[in-house]
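my_file_37.cif, holding mmCIF, C-alpha atoms:
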```cif
data_input
loop_
_atom_site.group_PDB
_atom_site.id
_atom_site.type_symbol
_atom_site.label_atom_id
_atom_site.label_comp_id
_atom_site.auth_asym_id
_atom_site.auth_seq_id
_atom_site.Cartn_x
_atom_site.Cartn_y
_atom_site.Cartn_z
ATOM 1 C CA VAL A 1 -3.001 -3.616 -17.830
ATOM 2 C CA ILE A 2 -5.846 -1.136 -17.325
ATOM 3 C CA ASN A 3 -8.156 0.016 -20.111
ATOM 4 C CA ARG A 4 -7.641 3.711 -19.413
ATOM 5 C CA GLY A 5 -4.756 5.815 -20.707
ATOM 6 C CA ARG A 6 -3.451 9.231 -21.664
ATOM 7 C CA ILE A 7 -6.706 10.367 -23.323
ATOM 8 C CA ASP A 8 -8.499 9.617 -20.037
ATOM 9 C CA GLY A 9 -6.055 11.759 -18.049
ATOM 10 C CA VAL A 10 -3.993 8.897 -16.655
ATOM 11 C CA LYS A 11 -0.356 9.724 -15.850
ATOM 12 C CA GLU A 12 2.624 7.695 -14.717
ATOM 13 C CA GLY A 13 2.913 7.555 -10.941
ATOM 14 C CA MET A 14 -0.818 7.624 -10.168
ATOM 15 C CA GLY A 15 -2.029 5.240 -7.478
ATOM 16 C CA ILE A 16 -4.514 2.439 -8.066
ATOM 17 C CA MET A 17 -7.036 1.132 -5.544
ATOM 18 C CA THR A 18 -10.326 -0.711 -5.101
ATOM 19 C CA ASP A 19 -13.058 -0.219 -2.531
ATOM 20 C CA ASN A 20 -11.000 -2.518 -0.267
ATOM 21 C CA GLY A 21 -7.621 -0.810 -0.499
ATOM 22 C CA ILE A 22 -4.547 -0.063 -2.572
ATOM 23 C CA ILE A 23 -3.407 -2.147 -5.549
ATOM 24 C CA GLY A 24 -0.373 -0.498 -7.128
ATOM 25 C CA ILE A 25 1.023 2.393 -9.164
ATOM 26 C CA ILE A 26 0.748 3.301 -12.852
ATOM 27 C CA SER A 27 4.156 2.635 -14.424
ATOM 28 C CA SER A 28 3.573 3.382 -18.128
ATOM 29 C CA ILE A 29 0.787 4.641 -20.370
ATOM 30 C CA SER A 30 -0.350 4.719 -23.978
ATOM 31 C CA ASN A 31 -3.277 6.642 -25.397
ATOM 32 C CA ASN A 32 -5.854 4.049 -24.304
ATOM 33 C CA TYR A 33 -4.135 1.783 -21.772
ATOM 34 C CA SER A 34 -1.979 1.881 -18.651
ATOM 35 C CA LYS A 35 0.377 -0.631 -17.127
ATOM 36 C CA ALA A 36 0.680 -0.910 -13.365
ATOM 37 C CA ILE A 37 3.230 -2.140 -10.878
ATOM 38 C CA SER A 38 1.388 -4.100 -8.216
ATOM 39 C CA ILE A 39 2.135 -3.788 -4.526
ATOM 40 C CA LEU A 40 2.940 -7.483 -4.999
ATOM 41 C CA ASN A 41 6.255 -6.439 -6.507
ATOM 42 C CA SER A 42 9.284 -7.048 -4.291
ATOM 43 C CA LYS A 43 10.659 -3.616 -5.275
ATOM 44 C CA SER A 44 7.450 -1.862 -4.228
ATOM 45 C CA SER A 45 7.176 -0.112 -0.861
ATOM 46 C CA VAL A 46 4.151 1.715 0.544
ATOM 47 C CA SER A 47 4.160 4.277 3.375
ATOM 48 C CA ILE A 48 1.764 3.028 6.029
ATOM 49 C CA LYS A 49 0.520 3.646 9.538
ATOM 50 C CA HIS A 50 -0.776 1.400 12.263
ATOM 51 C CA VAL A 51 -4.127 3.053 12.928
ATOM 52 C CA LYS A 52 -4.393 2.575 16.715
ATOM 53 C CA SER A 53 -0.865 3.709 17.613
ATOM 54 C CA ASN A 54 -0.392 6.079 14.653
ATOM 55 C CA GLN A 55 3.116 4.621 14.203
ATOM 56 C CA ASN A 56 4.457 4.850 10.649
ATOM 57 C CA GLY A 57 6.373 2.374 8.542
ATOM 58 C CA SER A 58 6.760 0.780 5.135
ATOM 59 C CA LEU A 59 4.851 -2.183 3.790
ATOM 60 C CA LYS A 60 6.667 -4.567 1.451
ATOM 61 C CA TRP A 61 5.656 -7.777 -0.244
ATOM 62 C CA THR A 62 8.129 -10.581 0.403
ATOM 63 C CA ASN A 63 7.249 -13.047 -2.376
ATOM 64 C CA HIS A 64 5.617 -15.588 -0.081
ATOM 65 C CA ASN A 65 1.851 -15.186 -0.374
ATOM 66 C CA TYR A 66 -0.231 -12.928 -2.640
ATOM 67 C CA MET A 67 -2.527 -12.111 0.300
ATOM 68 C CA GLU A 68 0.228 -11.008 2.721
ATOM 69 C CA ALA A 69 2.982 -8.417 3.110
ATOM 70 C CA GLU A 70 5.401 -7.365 5.846
ATOM 71 C CA ILE A 71 6.207 -4.306 7.925
ATOM 72 C CA ASN A 72 9.580 -4.225 9.675
ATOM 73 C CA ASP A 73 9.965 -0.689 10.998
ATOM 74 C CA ILE A 74 7.350 -0.070 13.694
ATOM 75 C CA PRO A 75 9.018 0.239 17.124
ATOM 76 C CA ASN A 76 8.522 -2.418 19.803
ATOM 77 C CA HIS A 77 6.949 0.083 22.218
ATOM 78 C CA ALA A 78 3.842 0.485 19.999
ATOM 79 C CA ASP A 79 0.790 -1.386 21.283
ATOM 80 C CA ILE A 80 -0.221 -3.598 18.387
ATOM 81 C CA TYR A 81 -2.601 -6.537 18.239
ATOM 82 C CA ILE A 82 -3.679 -9.161 15.742
ATOM 83 C CA GLY A 83 -6.565 -7.752 13.713
ATOM 84 C CA ASP A 84 -5.446 -4.106 13.952
ATOM 85 C CA THR A 85 -5.864 -2.087 10.758
ATOM 86 C CA ILE A 86 -3.036 -0.831 8.566
ATOM 87 C CA GLN A 87 -3.691 2.182 6.288
ATOM 88 C CA THR A 88 -1.744 4.553 4.071
ATOM 89 C CA ASN A 89 -0.235 7.433 6.032
ATOM 90 C CA GLY A 90 -0.327 10.108 3.329
ATOM 91 C CA TYR A 91 3.447 10.694 3.413
ATOM 92 C CA SER A 92 3.800 9.956 -0.295
ATOM 93 C CA SER A 93 2.394 11.942 -3.178
ATOM 94 C CA ILE A 94 0.797 8.791 -4.601
ATOM 95 C CA PHE A 95 -1.692 7.627 -1.979
ATOM 96 C CA PRO A 96 -3.676 9.957 0.273
ATOM 97 C CA GLU A 97 -3.965 9.230 3.979
ATOM 98 C CA ASP A 98 -6.373 6.666 5.454
ATOM 99 C CA ILE A 99 -6.775 4.210 2.571
ATOM 100 C CA ASN A 100 -7.186 0.725 4.000
ATOM 101 C CA ILE A 101 -4.545 -1.884 3.223
ATOM 102 C CA GLY A 102 -5.105 -4.800 5.573
ATOM 103 C CA THR A 103 -4.999 -6.164 9.103
ATOM 104 C CA ILE A 104 -2.215 -7.499 11.290
ATOM 105 C CA LEU A 105 -2.038 -11.270 10.922
ATOM 106 C CA SER A 106 0.935 -11.897 13.230
ATOM 107 C CA TYR A 107 3.883 -10.075 14.801
ATOM 108 C CA LYS A 108 7.159 -10.607 16.670
ATOM 109 C CA LYS A 109 9.145 -8.128 18.718
ATOM 110 C CA GLY A 110 12.617 -7.500 17.387
ATOM 111 C CA ASN A 111 15.182 -7.952 20.156
ATOM 112 C CA GLU A 112 18.221 -6.712 18.254
ATOM 113 C CA ASN A 113 16.786 -3.794 16.307
ATOM 114 C CA GLY A 114 13.873 -2.791 18.567
ATOM 115 C CA LEU A 115 11.375 -3.075 15.707
ATOM 116 C CA TYR A 116 8.430 -5.399 15.191
ATOM 117 C CA SER A 117 8.320 -7.888 12.348
ATOM 118 C CA ILE A 118 4.663 -7.712 11.296
ATOM 119 C CA LYS A 119 2.698 -9.788 8.785
ATOM 120 C CA VAL A 120 -0.283 -8.038 7.216
ATOM 121 C CA ARG A 121 -3.180 -9.701 5.424
ATOM 122 C CA PHE A 122 -4.530 -7.564 2.579
ATOM 123 C CA PHE A 123 -8.214 -6.612 2.512
ATOM 124 C CA ASN A 124 -8.068 -7.131 -1.271
ATOM 125 C CA ASP A 125 -7.831 -10.572 -2.789
ATOM 126 C CA MET A 126 -5.009 -9.605 -5.143
ATOM 127 C CA ASN A 127 -5.713 -12.608 -7.368
ATOM 128 C CA SER A 128 -9.300 -11.689 -8.277
ATOM 129 C CA ILE A 129 -9.393 -7.929 -8.838
ATOM 130 C CA THR A 130 -11.322 -6.789 -11.903
ATOM 131 C CA ASN A 131 -12.272 -3.140 -11.347
ATOM 132 C CA VAL A 132 -10.011 -0.412 -9.952
ATOM 133 C CA TYR A 133 -9.934 3.314 -9.302
ATOM 134 C CA ILE A 134 -7.044 5.469 -10.466
ATOM 135 C CA ILE A 135 -6.123 8.134 -7.909
ATOM 136 C CA ASN A 136 -5.517 11.660 -9.136
ATOM 137 C CA ALA A 137 -3.658 13.246 -6.225
ATOM 138 C CA LEU A 138 -4.478 16.913 -6.767
ATOM 139 C CA ASN A 139 -1.586 18.137 -4.608
ATOM 140 C CA LYS A 140 1.037 15.739 -6.023
ATOM 141 C CA LYS A 141 3.171 18.376 -7.792
ATOM 142 C CA GLU A 142 3.212 20.656 -4.762
ATOM 143 C CA ILE A 143 4.326 17.799 -2.502
ATOM 144 C CA GLU A 144 7.023 16.698 -4.944
ATOM 145 C CA ASN A 145 8.318 20.273 -5.267
ATOM 146 C CA LEU A 146 8.849 20.475 -1.502
#
```
Please render this file's structure as structure tokens.
Amino acid sequence: VINRGRIDGVKEGMGIMTDNGIIGIISSISNNYSKAISILNSKSSVSIKHVKSNQNGSLKWTNHNYMEAEINDIPNHADIYIGDTIQTNGYSSIFPEDINIGTILSYKKGNENGLYSIKVRFFNDMNSITNVYIINALNKKEIENL
């Protein structure tokens, strides 16, 4: 729960982040408060890119560790390395491009599907966040209308 709501201009679907990266999405609001769905929700998916190769994918939390998530749709031909940065790719109307998410912790090449299985360690310690920014994507309606 965030202590900002409708009277502060908060709307459902706005992104939430800290200085270290994304946190989640506003799911409901009242006049003075907002409720968020964390990226640590198994139904949450975030459009991402591997910075060095510019390959795109989706980051999902898999219920194992609050500091880690997985990417399973970057092709095996991409040159990736442990420690590489993962950021938002700007393909959604929620998060703009180039917001940090985390670094590659480990990876395996997928033999059957041709896609890496990548573990990402978040820059944010998701268990100790106290202050956040709410993102007002100025072009959100235009993107959604496309």
- [ ] I need the residue set behind the PyMOL selection byres ((chain A and resi 59-62) around 6) for this file; please write it as a PyMOL selection string.
- [x] chain A and resi 40+42+45-46+58+63-64+69-71
Open item on the list: Using all atoms listed in the file, which protein or nucleic acid residues come within 8 Å of segment 107-116 of chain A? Drop anything in the same chain fewer than 2 positions from it, and give the result as JSON, numbers by chain.
Closed with: {"A": [71, 72, 73, 74, 75, 76, 82, 104, 105, 118, 119]}
Open item on the list: Restricting the calculation to all atoms listed in the file: of A:Ala137, A:Ile48, A:Val132, A:Ile26, which residue gets closest to Asn100 of chain A?
Closed with: A:Ile48
- [ ] Write out as a list of chain:residue names which residues come within 10 Å of Ser38 of chain A when counting all atoms listed in the file, dropping same-chain ones fewer than 2 positions away.
- [x] A:Gly15, A:Ile16, A:Ile22, A:Ile23, A:Gly24, A:Ile25, A:Ile26, A:Ser27, A:Lys35, A:Ala36, A:Leu40, A:Asn41, A:Ser42, A:Lys43, A:Ser44, A:Trp61, A:Met126
- [ ] Apply the PyMOL selection byres ((chain A and resi 83-93) around 9) to the file shown and report the selected residues as JSON, numbers by chain.
- [x] {"A": [13, 14, 21, 22, 46, 47, 48, 49, 50, 51, 52, 54, 56, 57, 80, 81, 82, 94, 95, 96, 97, 98, 99, 100, 101, 102, 103, 104, 105, 106, 120, 137, 139, 140, 141, 142, 143, 144]}
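Taking atom CA of Gly5 of chain A as the reference point, atom CA of Asn124 of chain A is found at 23.6 Å.
Here atom CA of Asn3 of chain A is placed at a distance of 11.4 Å from atom CA of Tyr133 of chain A.
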Open item on the list: I'd like to see the residues matched by the PyMOL selection byres ((chain A and resi 8) around 12) on this file, and ideally I'd get them as a PyMOL selection string.
Closed with: chain A and resi 2-7+9-11+29-34+134+136
TODO: Take the point (-0.6, -10.5, -3.7) in the file's coordinates, draw a sphere of radius 7 Å around it, and report as a PyMOL selection string every protein, DNA or RNA residue with an atom inside or on it, counting all atoms listed in the file.
DONE: chain A and resi 40+65-68+126-127
